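> A single structure is presented below for examination.
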Amino acid sequence: ANTEALQGSGRTWSRFNLGLCHLIDGEDERARASFAEVANSASDVGGDLGEFFQKIGTLLAAEDAPAPAVVPQFEGSRVDAAGLLACGLKCWNMGRRLDCESFLRAFNQTVPPESAAWLERFKEITAPYIHDLDLIGGLNGVSRKMNYPEARDTFETALAAAENLQVETGVSRLFRQSLEALKPRLASLKEAYERKEVERVASLERAEIGALRDMLAELRGHRDAGEFEAGAEVLRGAEYQSPEAEAAKEDEVYFWEMASRFKDVLVSDFNERAYEGDIYRGTAAPVKGKVVSATGDELRVLSDGRESVVPLDNIPLRGLVRMAEGVLEGMSDSDDYYQRKQLIVAFASLSGLSAVAKVAADELRLEYPPFRERWDRLERHGLLN
């Protein structure tokens with residue numbers, strides 16, 4: 001009888017181990033069939049071990065997942081602890097993450113008797129499952145209350161975690177499938193968020209462009225007094241959140257700075273380049289002459305064989321622009337030419353010579369893309385002076 005019981009025990013353990021293998025492979029139907037055989041052969045074993053086989057076989061042959069409430073039935077220092085491993089694996093395959101964790105952690109805490117020392121080696125089986133349980137359990141779920149950036153960041157964190165999962169079946173498989181199922185919802189959230197973001201940025205842009213327009217109106221005093229650098233300094237202190245308003249402000253700063261440099265560069269050109277042409281003085285008609293030398297205050301001019309001094313402030317703004325255009329005529333370097341042309345446009349525009357500025361700007365737009373981008377942006381938003 002003892003021999004028959006021993007043989008029955010060996011056969012039943014083989015069926016039990018086969019059931020474990022099926023669970024590890026994610027083959028639930030085969031596992032249930034194996035554990036049903038374990039339950040059916042329990043009577044051949046008898047005793048406490050037979051009772052264990054009957055209990056675990058019946059539990060794992062069922063369609064439902066075992067509940068953690070049965071954990072105390074398999075704890076202790078007997079071979080019954082193997083049931084905790086089997087229950088944990090069944091819960092794993094059925095996607096019962098928390099129940100699986102309860103069984104596997106309970107199994108790892110058991111101390112098997114010397115006669116069942118092999119159970120210690122079985123604990124190695126749990127390592128990849130525990131790894132994935134910890135990884136998945138430490139993640140935040142994508143909540144319906146989340147906005148798109150929050151949902152996106154949470155989802156990307158989960159995707160990165162999915163790359164590090166060690167088990168292909170059960171909870172890990174369902175986790176990967178849940179991420180795939182989330183993609184359409186995330187795409188919908190993204191579309192709605194981007195639509196609102198476009199509306200938000202457009203509204204912000206309109207408000208900030210309006211504020212910039214108001215600021216330019218307040219700078220009229222600096223503009224009329226020719227205090228272009230002071231105006232540029234005020235503009236530099238303004239900060240806008242919308243990219244378009246900030247870019248428009250930078251364009252304004254650029255042109256105000258150019259206008260502030262106009263006279264200095266013109267004086268330098270008078271000294272370095274031979275200027276001959278119309279000399280403007282006050283309201284009188286221009287006379288033909290040659291600039292002999294120039295400072296920030298006056299020009300020394302040779303006309304009809306006589307040298308005279310012309311205060312720079314006595315030259316009308318339109319006259320300064322015409323003389324600057326005359327300097328351009330003899331300029332061969334394209335970089336110098338485009339730089340001087342922009343100085344003329346900026347100075348004329350901010351000095352109230354809109355018609356003169358427009359003619360020069362229309363020419364420059366066709367020839368110089370960097371200028372065209374700046375000028376068109378200001379024109380688009382009604383920010384040209």
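Ligands are numbered from 1 in the order shown, chains are lettered A, B, ... in the order of the structure tokens, and residues start at 1 in each chain.
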Would you tabulate, counting only C-alpha atoms, all residues of range 255-285 of chain A that have an atom at most 12 Å from an atom of range 217-224 of chain A, showing the closest pair of atoms and their distance in Å to one decimal, sorted by chain then ascending number, as CSV?

```
residue,atom,partner,partner_atom,distance
A:Phe255,CA,A:Arg223,CA,11.8
A:Trp256,CA,A:Arg223,CA,8.9
A:Glu257,CA,A:Arg223,CA,11.8
A:Ala259,CA,A:Arg223,CA,9.7
A:Ser260,CA,A:Arg223,CA,10.1
```
> Would you put the residues from that selection into a file with N, CA, C and O atoms, as an mmCIF file, in the first residue's frame?

```cif
data_model
loop_
_atom_site.group_PDB
_atom_site.id
_atom_site.type_symbol
_atom_site.label_atom_id
_atom_site.label_comp_id
_atom_site.auth_asym_id
_atom_site.auth_seq_id
_atom_site.Cartn_x
_atom_site.Cartn_y
_atom_site.Cartn_z
ATOM 1 N N PHE A 255 14.300 97.800 -36.286
ATOM 2 C CA PHE A 255 14.147 98.994 -37.118
ATOM 3 C C PHE A 255 14.394 100.270 -36.328
ATOM 4 O O PHE A 255 14.940 101.248 -36.866
ATOM 5 N N TRP A 256 14.008 100.292 -35.061
ATOM 6 C CA TRP A 256 14.310 101.466 -34.244
ATOM 7 C C TRP A 256 15.821 101.616 -34.063
ATOM 8 O O TRP A 256 16.349 102.732 -34.083
ATOM 9 N N GLU A 257 16.516 100.504 -33.884
ATOM 10 C CA GLU A 257 17.980 100.566 -33.780
ATOM 11 C C GLU A 257 18.596 101.031 -35.092
ATOM 12 O O GLU A 257 19.560 101.812 -35.103
ATOM 13 N N ALA A 259 17.186 102.965 -37.321
ATOM 14 C CA ALA A 259 16.901 104.395 -37.458
ATOM 15 C C ALA A 259 17.858 105.229 -36.612
ATOM 16 O O ALA A 259 18.286 106.316 -37.019
ATOM 17 N N SER A 260 18.201 104.700 -35.415
ATOM 18 C CA SER A 260 19.105 105.453 -34.532
ATOM 19 C C SER A 260 20.522 105.527 -35.105
ATOM 20 O O SER A 260 21.278 106.452 -34.785
#
```
> What residues in range 295-352 of chain A get the DSSP label strand (DSSP E or B)? Please answer as a count of residues only.
12
> Given only C-alpha atoms as the basis, pick out the residue of A:Gly141, A:Gly382, A:Gly26, A:Pro311 nearest to Arg281 in chain A.
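Result for the nearest residue to Arg281 in chain A: A:Pro311.
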> Considering only C-alpha atoms, tabulate each residue of range 184-289 of chain A that lies at most 10 Å from range 173-180 of chain A along with its nearest interatomic pair and the corresponding distance in Å to one decimal; arrange the rows by chain and ascending residue number and present them as JSON lines.

```
{"residue": "A:Pro184", "atom": "CA", "partner": "A:Glu180", "partner_atom": "CA", "distance": 8.2}
{"residue": "A:Arg185", "atom": "CA", "partner": "A:Glu180", "partner_atom": "CA", "distance": 9.9}
{"residue": "A:Leu186", "atom": "CA", "partner": "A:Leu179", "partner_atom": "CA", "distance": 10.0}
```
> Which is closest to Cys91 in chain A among A:Ala207, A:Leu350, A:Ala361, A:Ile24, if we use only C-alpha atoms?
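Using only C-alpha atoms, the shortest distance to Cys91 in chain A belongs to A:Ile24.
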> If I take CA of Glu329 in chain A and CA of Asp269 in chain A, how far is one from the other in Å, to one decimal?
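Atom-to-atom, CA of Glu329 in chain A to CA of Asp269 in chain A, that is 12.2 Å.
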> Which of range 194-376 of chain A end up as helix (DSSP H, G or I) when DSSP is run on this backbone - answer as a compact mmCIF listing (two decimals) with C-alpha atoms, in the first residue's frame?

```
# COMPACT_ATOMS: atom_id res chain seq x y z
CA GLU A 194 -3.90 71.21 -30.08
CA ARG A 195 -7.14 72.77 -31.29
CA LYS A 196 -7.57 74.57 -27.97
CA GLU A 197 -3.89 75.49 -27.93
CA VAL A 198 -4.19 77.06 -31.38
CA GLU A 199 -7.20 79.05 -30.18
CA ARG A 200 -5.38 80.05 -26.97
CA VAL A 201 -2.24 81.16 -28.80
CA ALA A 202 -4.30 83.06 -31.39
CA SER A 203 -6.21 84.87 -28.65
CA LEU A 204 -3.01 85.62 -26.75
CA GLU A 205 -1.33 86.77 -29.94
CA ARG A 206 -4.15 89.19 -30.76
CA ALA A 207 -4.03 90.64 -27.26
CA GLU A 208 -0.25 91.02 -27.25
CA ILE A 209 -0.09 92.47 -30.76
CA GLY A 210 -2.68 94.99 -29.58
CA ALA A 211 -0.53 95.79 -26.55
CA LEU A 212 2.53 96.25 -28.79
CA ARG A 213 0.53 98.55 -31.06
CA ASP A 214 -0.47 100.63 -28.03
CA MET A 215 3.16 100.79 -26.90
CA LEU A 216 4.24 102.06 -30.31
CA ALA A 217 1.59 104.79 -30.10
CA GLU A 218 2.99 105.81 -26.71
CA ARG A 220 5.30 108.68 -30.75
CA GLY A 221 7.06 111.36 -28.72
CA HIS A 222 10.40 109.57 -28.99
CA ARG A 223 9.80 109.02 -32.69
CA ASP A 224 8.90 112.64 -33.45
CA PHE A 228 15.13 106.26 -31.76
CA GLU A 229 17.55 104.58 -29.36
CA ALA A 230 15.37 105.60 -26.40
CA GLY A 231 12.39 104.03 -28.14
CA ALA A 232 14.36 100.86 -28.85
CA GLU A 233 15.31 100.64 -25.18
CA VAL A 234 11.65 100.80 -24.12
CA LEU A 235 10.77 98.08 -26.63
CA ARG A 236 13.58 95.84 -25.42
CA PRO A 243 6.00 83.76 -30.53
CA GLU A 244 4.46 86.05 -33.15
CA ALA A 245 4.16 89.05 -30.82
CA GLU A 246 7.68 88.52 -29.53
CA ALA A 247 9.01 88.28 -33.09
CA ALA A 248 7.14 91.46 -34.07
CA LYS A 249 8.63 93.26 -31.06
CA GLU A 250 12.12 92.14 -32.08
CA ASP A 251 11.44 93.42 -35.60
CA GLU A 252 10.43 96.79 -34.16
CA VAL A 253 13.56 96.90 -32.01
CA TYR A 254 15.61 96.11 -35.11
CA PHE A 255 14.15 98.99 -37.12
CA TRP A 256 14.31 101.47 -34.24
CA GLU A 257 17.98 100.57 -33.78
CA MET A 258 18.57 100.98 -37.51
CA ALA A 259 16.90 104.39 -37.46
CA SER A 260 19.10 105.45 -34.53
CA ARG A 261 22.22 104.55 -36.53
CA PHE A 262 21.12 106.23 -39.76
CA LYS A 263 22.76 109.64 -39.22
CA ASP A 264 26.01 108.24 -37.79
CA VAL A 265 26.45 105.88 -40.73
CA LEU A 266 25.56 108.62 -43.21
CA VAL A 267 28.16 110.95 -41.69
CA SER A 268 30.74 108.15 -41.86
CA ASP A 269 29.86 107.52 -45.51
CA PHE A 270 30.20 111.23 -46.32
CA ASN A 271 33.75 111.10 -44.97
CA GLU A 272 34.77 107.77 -46.51
CA LEU A 312 23.16 118.84 -40.01
CA ASP A 313 19.98 119.84 -38.17
CA ASN A 314 19.30 122.33 -40.97
CA LEU A 317 14.67 114.75 -43.09
CA ARG A 318 13.64 114.08 -46.67
CA GLY A 319 16.88 115.73 -47.81
CA LEU A 320 18.95 113.44 -45.57
CA VAL A 321 17.21 110.43 -47.08
CA ARG A 322 17.81 111.68 -50.64
CA MET A 323 21.49 112.23 -49.90
CA ALA A 324 21.72 108.73 -48.35
CA GLU A 325 20.18 107.32 -51.52
CA GLY A 326 22.82 109.20 -53.48
CA VAL A 327 25.55 107.48 -51.45
CA LEU A 328 23.96 104.13 -52.39
CA GLU A 329 24.38 104.76 -56.08
CA SER A 334 25.94 93.98 -51.70
CA ASP A 335 26.17 93.64 -47.90
CA ASP A 336 26.90 97.36 -47.52
CA TYR A 337 24.16 98.19 -49.98
CA TYR A 338 21.45 96.17 -48.20
CA GLN A 339 22.56 97.46 -44.81
CA ARG A 340 22.34 101.09 -45.97
CA LYS A 341 19.03 100.48 -47.70
CA GLN A 342 17.54 99.14 -44.47
CA LEU A 343 18.85 102.20 -42.62
CA ILE A 344 17.04 104.41 -45.11
CA VAL A 345 13.76 102.47 -44.80
CA ALA A 346 13.88 102.46 -40.99
CA PHE A 347 14.75 106.14 -40.71
CA ALA A 348 12.19 107.25 -43.29
CA SER A 349 9.45 105.09 -41.78
CA LEU A 350 10.00 106.30 -38.22
CA SER A 354 5.85 106.87 -45.17
CA ALA A 355 5.71 107.28 -48.95
CA VAL A 356 9.51 107.42 -49.23
CA ALA A 357 9.86 104.42 -46.89
CA LYS A 358 7.33 102.40 -48.89
CA VAL A 359 9.13 102.91 -52.20
CA ALA A 360 12.47 101.87 -50.72
CA ALA A 361 10.88 98.97 -48.82
CA ASP A 362 9.12 97.62 -51.92
CA GLU A 363 12.45 97.53 -53.74
CA LEU A 364 14.26 95.94 -50.83
CA ARG A 365 11.56 93.29 -50.29
CA LEU A 366 12.24 91.89 -53.75
CA GLU A 367 15.98 91.73 -53.22
CA PRO A 369 14.57 88.02 -47.88
CA PRO A 370 15.60 88.80 -44.25
CA PHE A 371 14.17 92.30 -44.63
CA ARG A 372 11.05 91.00 -46.37
CA GLU A 373 10.28 88.67 -43.45
CA ARG A 374 10.52 91.47 -40.89
CA TRP A 375 8.70 94.09 -42.92
CA ASP A 376 5.86 91.77 -43.95
```
> Which one of A:Val167, A:Pro68, A:Tyr275, A:Tyr148 sits closest to Ala187 in chain A if you count only C-alpha atoms?
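That would be A:Tyr148, the residue with the smallest distance to Ala187 in chain A.
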> Tell me, in Å to one decimal, how far CA of Asp64 in chain A is from CA of Glu124 in chain A.
26.0 Å
> So the first atom is CA of Ala33 in chain A and the second is CA of Gly19 in chain A; what is the distance between them in Å, to one decimal place?
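Interatomic distance, CA of Ala33 in chain A to CA of Gly19 in chain A: 7.9 Å.
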> Show me, as an MDAnalysis selection string, the residues that have an atom within 12 Å of Asn17 in chain A when counting only C-alpha atoms, minus same-chain residues fewer than 3 positions from it.
chainID A and resid 10:14 20:24 31 34:35 37:38 53 57 82:83 85:86 119 122
> Which polymer residues have any atom within 10 Å of an atom of Pro128 in chain A, counting only C-alpha atoms, with same-chain residues fewer than 5 positions away left out, as a count of residues only?
5
> When you look at Thr126 in chain A with a cut-off of 10 Å (counting only C-alpha atoms), what residues show up, excluding the ones that are within fewer than 6 positions of it in the same chain? I need them as JSON, numbers by chain.
{"A": [85, 88, 89, 101, 104, 105, 107, 108]}
> Write a file of the just-selected residues containing all heavy atoms, as an mmCIF file, in the first residue's frame.

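Contents of part.cif, as written:
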```cif
data_model
loop_
_atom_site.group_PDB
_atom_site.id
_atom_site.type_symbol
_atom_site.label_atom_id
_atom_site.label_comp_id
_atom_site.auth_asym_id
_atom_site.auth_seq_id
_atom_site.Cartn_x
_atom_site.Cartn_y
_atom_site.Cartn_z
ATOM 1 N N LEU A 85 2.410 29.257 -5.311
ATOM 2 C CA LEU A 85 3.045 29.548 -6.594
ATOM 3 C C LEU A 85 2.067 29.300 -7.736
ATOM 4 O O LEU A 85 1.901 30.134 -8.629
ATOM 5 C CB LEU A 85 4.300 28.704 -6.767
ATOM 6 C CG LEU A 85 4.983 28.786 -8.138
ATOM 7 C CD1 LEU A 85 5.432 30.224 -8.436
ATOM 8 C CD2 LEU A 85 6.175 27.826 -8.195
ATOM 9 N N GLY A 88 -0.655 31.879 -7.824
ATOM 10 C CA GLY A 88 -0.130 33.151 -8.312
ATOM 11 C C GLY A 88 0.005 33.170 -9.823
ATOM 12 O O GLY A 88 -0.342 34.151 -10.486
ATOM 13 N N LEU A 89 0.496 32.050 -10.382
ATOM 14 C CA LEU A 89 0.662 31.985 -11.836
ATOM 15 C C LEU A 89 -0.680 31.984 -12.555
ATOM 16 O O LEU A 89 -0.825 32.591 -13.631
ATOM 17 C CB LEU A 89 1.461 30.737 -12.213
ATOM 18 C CG LEU A 89 2.924 30.731 -11.747
ATOM 19 C CD1 LEU A 89 3.589 29.408 -12.096
ATOM 20 C CD2 LEU A 89 3.692 31.892 -12.362
ATOM 21 N N GLU A 101 0.098 39.110 -7.063
ATOM 22 C CA GLU A 101 1.149 39.610 -6.182
ATOM 23 C C GLU A 101 0.995 39.053 -4.768
ATOM 24 O O GLU A 101 1.983 38.690 -4.115
ATOM 25 C CB GLU A 101 1.115 41.134 -6.171
ATOM 26 C CG GLU A 101 2.269 41.755 -5.399
ATOM 27 C CD GLU A 101 2.363 43.253 -5.616
ATOM 28 O OE1 GLU A 101 1.531 43.807 -6.376
ATOM 29 O OE2 GLU A 101 3.272 43.858 -5.027
ATOM 30 N N LEU A 104 2.230 35.326 -4.902
ATOM 31 C CA LEU A 104 3.665 35.143 -5.128
ATOM 32 C C LEU A 104 4.496 35.654 -3.960
ATOM 33 O O LEU A 104 5.495 35.030 -3.587
ATOM 34 C CB LEU A 104 4.083 35.829 -6.435
ATOM 35 C CG LEU A 104 3.496 35.242 -7.726
ATOM 36 C CD1 LEU A 104 4.127 35.916 -8.946
ATOM 37 C CD2 LEU A 104 3.702 33.728 -7.793
ATOM 38 N N ARG A 105 4.109 36.768 -3.384
ATOM 39 C CA ARG A 105 4.883 37.286 -2.250
ATOM 40 C C ARG A 105 4.707 36.362 -1.039
ATOM 41 O O ARG A 105 5.656 36.158 -0.271
ATOM 42 C CB ARG A 105 4.461 38.715 -1.928
ATOM 43 C CG ARG A 105 4.837 39.715 -3.027
ATOM 44 C CD ARG A 105 4.796 41.145 -2.543
ATOM 45 N NE ARG A 105 4.996 42.096 -3.635
ATOM 46 C CZ ARG A 105 6.177 42.417 -4.153
ATOM 47 N NH1 ARG A 105 7.282 41.840 -3.677
ATOM 48 N NH2 ARG A 105 6.278 43.288 -5.138
ATOM 49 N N PHE A 107 4.244 33.172 -1.212
ATOM 50 C CA PHE A 107 5.064 31.991 -1.526
ATOM 51 C C PHE A 107 6.531 32.259 -1.211
ATOM 52 O O PHE A 107 7.228 31.410 -0.615
ATOM 53 C CB PHE A 107 4.892 31.610 -2.991
ATOM 54 C CG PHE A 107 5.835 30.527 -3.449
ATOM 55 C CD1 PHE A 107 5.727 29.238 -2.960
ATOM 56 C CD2 PHE A 107 6.853 30.806 -4.355
ATOM 57 C CE1 PHE A 107 6.611 28.239 -3.375
ATOM 58 C CE2 PHE A 107 7.732 29.826 -4.773
ATOM 59 C CZ PHE A 107 7.610 28.536 -4.284
ATOM 60 N N ASN A 108 7.027 33.428 -1.589
ATOM 61 C CA ASN A 108 8.441 33.741 -1.367
ATOM 62 C C ASN A 108 8.780 33.875 0.112
ATOM 63 O O ASN A 108 9.951 33.771 0.502
ATOM 64 C CB ASN A 108 8.813 35.036 -2.102
ATOM 65 C CG ASN A 108 8.999 34.813 -3.592
ATOM 66 O OD1 ASN A 108 9.207 33.684 -4.035
ATOM 67 N ND2 ASN A 108 8.921 35.880 -4.373
#
```
